[in-house]
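> Encoded as structure tokens, here's the structure I'll be asking about.
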Amino acid sequence: MRHFVVTLCLGLVCVPGFAADRAQVLNIYAWPDYFPKSVIDRFQAETGIHVNTTVFDSPEMAETTLSAGASNYDLVTMSAAPELAREIPKGFWKVLDPAAIPNARNADPDVMQRLATIDPGNKHAVPWMWGTTGLIYNPTSIYARMGNAPTDSLDLVFKRDAVAKFAACGISILDSWGDILPMVARYIGQDRLSADPDKLAAVMAKLREIRPYIRRIASSGYYEQLADGELCLSIGYSGDAMIARRMAQEGATRQSIEYSFARESVPLHIDCLVIPADAPNAAGAQVFINFVMRPEISADVTRYIGFASANAAAMPLLPTAVRGNLAVYPPPEVRQRFELHRVYSADEIRTFSRAWLQFKSGS
């Protein structure tokens with residue numbers, strides 16, 4: 001599924017293959033599968049701009065790469081919170097030129113309103129896709145092992161008596177403390193994730209309790225294992241659930257894949273298109289943003305990857321089965337429980353990162 005264009009890479013800097021004119025090359029740094037090959041091919045054919053795509057599997061990886069400076073990337077897909085909320089005040093991103101991206105007006109007003117709490121005036125970012133974090137599971141495997149499985153609750157993963165029943169069929173959680181630790185904190189009754197030693201110790205104790213039953217900690221590729229039947233339960237992203245479902249339907253395994261919103265917490269993520277402050281081809285990046293924000297292009301990508309489009313004008317172009325998919329476009333009562341990640345201080349980030357690494361290593 002992933003499309004890679006060969007580039008010459010020196011350390012973290014990818015140099016386009018011997019292009020004479022940098023204005024005719026666009027280097028994109030993005031989540032896997034966010035821009036299908038057909039979309040890239042169409043953009044290149046229409047504009048003559050050659051696209052190089054490099055993928056990352058965590059926002060922390062992307063932020064580390066970009067913070068070093070001179071990354072040579074022109075366009076990045078970045079999560080609104082906490083990443084953009086932390087980075088915009090630091091001058092990571094260019095202010096966009098509305099005249100260069102008129103199709104940005106197609107963005108969903110509700111998503112834009114939420115994004116404005118991160119990017120006042122919506123000056124730096126155009127929302128691309130959005131989704132939630134929840135429970136992805138194979139109902140056949142889950143209910144065979146627990147007839148009354150609480151598929152709408154984090155009990156499914158965080159309650160030892162439940163999670164022990166599913167270990168044999170394979171459980172995964174995201175390799176992202178920013179996703180998992182706040183969910184655990186909320187699950188055990190804390191208002192929010194805190195670096196207070198006692199509160200954090202309680203969160204990590206709960207995670208260590210279930211660690212023996214977790215087969216994989218990963219933010220990429222786990223949906224393929226769900227589709228193949230190697231996993232039966234994951235804490236993962238709604239869009240990845242749709243990818244897993246599609247792969248299972250198209251493949252030989254025909255696994256059943258469901259997605260549910262945990263009643264304890266519904267984390268919301270908004271992935272945005274942003275341009276690094278030192279982007280060599282910012283003009284080309286804005287051409288690309290304008291291109292993908294065309295309704296038919298956004299609709300094509302949503303059909304392909306399964307995440308909810310932040311392009312309101314694309315909605316009428318989506319099949320009824322997609323528009324009516326409550327896992328992708330939740331009902332109002334679920335939307336009322338959406339929670340954007342909060343911004344953490346540098347000290348908190350170090351504390352949570354250290355605790356997460358210790359958890360993964362089993363120490």
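Every chain in the structure tokens takes a letter, A first, then B, and so on in the order presented; its residues are numbered from 1, and the ligands are numbered from 1 following the presented order.
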Given only C-alpha atoms, how would the per-residue table for stretch 240-350 of chain A near stretch 169-177 of chain A read, listing every residue at most 12 Å away with its closest atom pair and distance in Å to one decimal, sorted by chain and number, as JSON lines?


```
{"residue": "A:Asp240", "atom": "CA", "partner": "A:Leu174", "partner_atom": "CA", "distance": 11.3}
{"residue": "A:His341", "atom": "CA", "partner": "A:Trp177", "partner_atom": "CA", "distance": 11.3}
{"residue": "A:Tyr344", "atom": "CA", "partner": "A:Trp177", "partner_atom": "CA", "distance": 11.9}
{"residue": "A:Glu348", "atom": "CA", "partner": "A:Trp177", "partner_atom": "CA", "distance": 11.6}
{"residue": "A:Ile349", "atom": "CA", "partner": "A:Trp177", "partner_atom": "CA", "distance": 9.5}
{"residue": "A:Arg350", "atom": "CA", "partner": "A:Trp177", "partner_atom": "CA", "distance": 11.2}
```

> List the neighbours of A:Pro197 out to 12 Å using only C-alpha atoms; skip same-chain residues closer than 4 positions along the sequence, and give me the result as a PyMOL selection string.

chain A and resi 193+201-205+348+351-352+355

> Would you mind exporting the chosen residues as a tab-separated table (two decimals), in the first residue's frame, restricted to N, CA and C atoms?


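As a result, part_20.tsv now contains:
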```tsv
chain	number	residue	atom	x	y	z
A	193	LEU	N	-3.71	13.07	32.73
A	193	LEU	CA	-2.37	12.53	32.97
A	193	LEU	C	-1.54	13.57	33.73
A	201	ALA	N	2.85	6.90	39.06
A	201	ALA	CA	3.16	5.54	39.51
A	201	ALA	C	1.93	4.65	39.40
A	202	ALA	N	0.76	5.20	39.69
A	202	ALA	CA	-0.47	4.42	39.59
A	202	ALA	C	-0.77	4.06	38.14
A	203	VAL	N	-0.53	5.00	37.23
A	203	VAL	CA	-0.73	4.74	35.80
A	203	VAL	C	0.20	3.63	35.33
A	204	MET	N	1.48	3.74	35.69
A	204	MET	CA	2.45	2.77	35.22
A	204	MET	C	2.22	1.39	35.87
A	205	ALA	N	1.71	1.40	37.09
A	205	ALA	CA	1.41	0.11	37.74
A	205	ALA	C	0.32	-0.63	36.98
A	348	GLU	N	7.60	17.50	31.73
A	348	GLU	CA	6.60	16.44	31.69
A	348	GLU	C	6.91	15.46	30.56
A	351	THR	N	9.61	13.17	31.57
A	351	THR	CA	9.13	12.23	32.58
A	351	THR	C	8.29	11.13	31.96
A	352	PHE	N	7.35	11.50	31.09
A	352	PHE	CA	6.46	10.52	30.48
A	352	PHE	C	7.22	9.64	29.49
A	355	ALA	N	9.20	7.09	31.47
A	355	ALA	CA	8.32	6.07	32.04
A	355	ALA	C	7.85	5.10	30.96
```

> Apply DSSP to the backbone of this structure and, from stretch 110-339 of chain A, keep only the residues in strand (DSSP E); write these as number ranges by chain.

A: 126-137, 171-173, 216-217, 233-237, 258-260, 266-274, 308-309, 338-339

> Using only C-alpha atoms, what does the table of stretch 54-126 of chain A residues within 10 Å of stretch 211-221 of chain A look like, with each row giving the shortest atom pair and its distance in Å to one decimal, sorted by chain and ascending number, as a Markdown table?


```
| residue | atom | partner | partner_atom | distance |
| --- | --- | --- | --- | --- |
| A:Phe56 | CA | A:Ser220 | CA | 9.2 |
| A:Asp57 | CA | A:Ser220 | CA | 6.0 |
| A:Ser58 | CA | A:Ser219 | CA | 7.0 |
```

> Go ahead and save the picked residues with N, CA and C atoms, as a compact mmCIF listing (two decimals), in the first residue's frame.


```
# COMPACT_ATOMS: atom_id res chain seq x y z
N PHE A 56 6.80 8.60 8.44
CA PHE A 56 7.17 8.42 9.84
C PHE A 56 6.07 7.64 10.52
N ASP A 57 6.39 7.04 11.68
CA ASP A 57 5.38 6.24 12.36
C ASP A 57 5.04 6.78 13.74
N SER A 58 5.55 7.99 14.06
CA SER A 58 5.14 8.64 15.30
C SER A 58 5.38 10.14 15.16
```

> Any idea what's packed within 6 Å of stretch 88-105 of chain A, counting only C-alpha atoms, ignoring anything in its chain fewer than 5 positions away? Could you give it as a list in words?

Lys123, His124, Ile275, Pro276, Ala277, Asn290 and Met293 of chain A

> Contacts of A:Asp271 at 8 Å or less, counting only C-alpha atoms, minus same-chain residues fewer than 6 places along, as a list in words?

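My reading of the contact set: Thr77, Met78, Ser79, Ala80, Pro127, Trp128, Met129 and Trp130 of chain A.
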
> Please produce a file of the residues just selected, as a PDB file, in the first residue's frame, where the atoms kept are C-alpha atoms.


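Contents of result-v7.pdb, as written:
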```pdb
ATOM      1  CA  THR A  77       1.334  16.009   8.127  1.00  0.00           C
ATOM      2  CA  MET A  78       1.343  16.851  11.828  1.00  0.00           C
ATOM      3  CA  SER A  79      -1.090  16.238  14.666  1.00  0.00           C
ATOM      4  CA  ALA A  80      -2.817  19.345  15.979  1.00  0.00           C
ATOM      5  CA  PRO A 127      -6.863  20.152   8.501  1.00  0.00           C
ATOM      6  CA  TRP A 128      -6.451  17.051   6.359  1.00  0.00           C
ATOM      7  CA  MET A 129      -7.852  14.018   8.162  1.00  0.00           C
ATOM      8  CA  TRP A 130      -9.242  13.435  11.611  1.00  0.00           C
TER       9      TRP A 130
END
```

> Do a neighbour search on A:Asp110 at 10 Å with only C-alpha atoms, toss out local chain neighbours closer than 5 positions, and write the hits as a PyMOL selection string.

chain A and resi 115-116+310+312

> Between A:Ser234, A:Tyr29, A:Ala164, A:Pro319, which residue has the minimum interatomic distance to A:Thr65, considering only C-alpha atoms?

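The shortest atom-to-atom distance to A:Thr65 comes from A:Tyr29.
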
> Mind listing the helix (DSSP H, G or I) residues of stretch 44-112 of chain A, per DSSP on the backbone, as a PyMOL selection string?

chain A and resi 44-47+59-67+80-90+98-100+102-106+109-112

> Taking N, CA and C atoms for each residue, export the selection above as a short mmCIF file (atom, residue, chain, number, x, y, z; two decimals), in the first residue's frame.


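Heads up, here's the output in result36.cif:
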```
data_model
loop_
_atom_site.label_atom_id
_atom_site.label_comp_id
_atom_site.auth_asym_id
_atom_site.auth_seq_id
_atom_site.Cartn_x
_atom_site.Cartn_y
_atom_site.Cartn_z
N GLN A 44 1.54 15.09 -9.98
CA GLN A 44 2.75 15.25 -10.80
C GLN A 44 2.40 15.52 -12.26
N ALA A 45 1.39 14.81 -12.76
CA ALA A 45 0.99 14.99 -14.15
C ALA A 45 0.41 16.38 -14.40
N GLU A 46 -0.35 16.89 -13.44
CA GLU A 46 -1.00 18.19 -13.62
C GLU A 46 -0.04 19.36 -13.43
N THR A 47 0.94 19.21 -12.54
CA THR A 47 1.78 20.35 -12.18
C THR A 47 3.21 20.26 -12.68
N PRO A 59 4.52 10.97 15.77
CA PRO A 59 4.74 12.41 15.72
C PRO A 59 6.02 12.81 16.44
N GLU A 60 6.41 12.03 17.45
CA GLU A 60 7.65 12.33 18.16
C GLU A 60 8.85 12.21 17.21
N MET A 61 8.83 11.18 16.35
CA MET A 61 9.90 11.01 15.36
C MET A 61 9.96 12.21 14.43
N ALA A 62 8.79 12.64 13.95
CA ALA A 62 8.74 13.77 13.02
C ALA A 62 9.23 15.04 13.70
N GLU A 63 8.81 15.26 14.93
CA GLU A 63 9.20 16.48 15.63
C GLU A 63 10.70 16.52 15.87
N THR A 64 11.28 15.38 16.22
CA THR A 64 12.73 15.32 16.42
C THR A 64 13.48 15.65 15.14
N THR A 65 13.01 15.11 14.03
CA THR A 65 13.64 15.37 12.73
C THR A 65 13.56 16.85 12.38
N LEU A 66 12.40 17.44 12.55
CA LEU A 66 12.19 18.82 12.14
C LEU A 66 12.87 19.81 13.08
N SER A 67 12.96 19.47 14.35
CA SER A 67 13.56 20.40 15.31
C SER A 67 15.05 20.60 15.06
N ALA A 80 -2.53 18.03 15.42
CA ALA A 80 -2.82 19.34 15.98
C ALA A 80 -2.39 19.44 17.43
N ALA A 81 -2.72 18.40 18.20
CA ALA A 81 -2.41 18.43 19.63
C ALA A 81 -1.83 17.10 20.07
N PRO A 82 -0.74 17.15 20.79
CA PRO A 82 -0.13 18.36 21.33
C PRO A 82 0.95 18.98 20.44
N GLU A 83 1.27 18.33 19.32
CA GLU A 83 2.44 18.76 18.55
C GLU A 83 2.33 20.19 18.02
N LEU A 84 1.30 20.47 17.20
CA LEU A 84 1.19 21.82 16.65
C LEU A 84 1.03 22.86 17.75
N ALA A 85 0.27 22.51 18.78
CA ALA A 85 0.08 23.45 19.89
C ALA A 85 1.41 23.83 20.52
N ARG A 86 2.34 22.91 20.54
CA ARG A 86 3.65 23.15 21.12
C ARG A 86 4.58 23.84 20.12
N GLU A 87 4.42 23.53 18.84
CA GLU A 87 5.40 23.97 17.84
C GLU A 87 5.10 25.34 17.24
N ILE A 88 3.83 25.68 17.11
CA ILE A 88 3.49 26.96 16.49
C ILE A 88 4.13 28.14 17.23
N PRO A 89 4.04 28.20 18.56
CA PRO A 89 4.70 29.32 19.25
C PRO A 89 6.21 29.34 19.08
N LYS A 90 6.80 28.22 18.73
CA LYS A 90 8.26 28.15 18.55
C LYS A 90 8.68 28.51 17.13
N PRO A 98 -3.56 32.55 2.19
CA PRO A 98 -4.90 32.10 1.79
C PRO A 98 -5.17 32.22 0.30
N ALA A 99 -4.58 33.22 -0.33
CA ALA A 99 -4.80 33.41 -1.77
C ALA A 99 -4.22 32.27 -2.59
N ALA A 100 -3.19 31.61 -2.05
CA ALA A 100 -2.54 30.51 -2.77
C ALA A 100 -3.26 29.19 -2.57
N PRO A 102 -6.99 28.60 -2.18
CA PRO A 102 -8.43 28.90 -2.06
C PRO A 102 -9.27 27.69 -1.68
N ASN A 103 -8.81 26.49 -2.01
CA ASN A 103 -9.60 25.29 -1.67
C ASN A 103 -9.59 24.99 -0.18
N ALA A 104 -8.76 25.69 0.57
CA ALA A 104 -8.77 25.51 2.02
C ALA A 104 -10.11 25.91 2.62
N ARG A 105 -10.87 26.71 1.90
CA ARG A 105 -12.20 27.10 2.39
C ARG A 105 -13.15 25.90 2.44
N ASN A 106 -12.76 24.79 1.83
CA ASN A 106 -13.60 23.59 1.87
C ASN A 106 -13.51 22.86 3.21
N PRO A 109 -16.12 23.29 8.98
CA PRO A 109 -16.14 24.39 9.96
C PRO A 109 -15.96 23.91 11.41
N ASP A 110 -16.55 22.75 11.75
CA ASP A 110 -16.42 22.24 13.11
C ASP A 110 -14.97 21.88 13.41
N VAL A 111 -14.31 21.23 12.44
CA VAL A 111 -12.91 20.87 12.63
C VAL A 111 -12.06 22.14 12.72
N MET A 112 -12.37 23.13 11.89
CA MET A 112 -11.61 24.38 11.91
C MET A 112 -11.77 25.09 13.26
#
```

> Could you check the closest approach to A:Tyr73 for each of A:Gln286, A:Ser153, A:Asn27, A:Asn52 and tell me which residue wins, using only C-alpha atoms?

A:Asn27

> Between A:Val287, A:Val334, A:Ala321, A:Leu75, which has the minimum distance to A:Asp152 (counting only C-alpha atoms)?

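Counting only C-alpha atoms, the residue closest to A:Asp152 is A:Val334.
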
> Counting only C-alpha atoms, figure out which residue out of A:Glu333, A:Asp21, A:Asp347, A:Asp33 gets nearest to A:Arg303.

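That would be A:Asp33, the residue with the smallest distance to A:Arg303.
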
> Skip A:Gln24 itself and residues of its chain fewer than 4 positions away, then list as a PyMOL selection string all residues within 7 Å of it, counting only C-alpha atoms.

chain A and resi 48-50

> Just checking: using only C-alpha atoms, which residue out of A:Thr133, A:Gly306, A:Leu317, A:Asn311 ends up closest to A:Ile289?

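Comparing A:Thr133, A:Gly306, A:Leu317, A:Asn311 against A:Ile289, the winner is A:Asn311.
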
> So, with only C-alpha atoms as the atoms that count, which of A:Ser265, A:Ser363, A:Asn138, A:Ser309 lies closest to A:Arg186?

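For A:Arg186, the nearest of the given residues is A:Ser265.
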
> Interatomic distance between atom CA of A:Ala195 and atom CA of A:Leu156?

25.6 Å
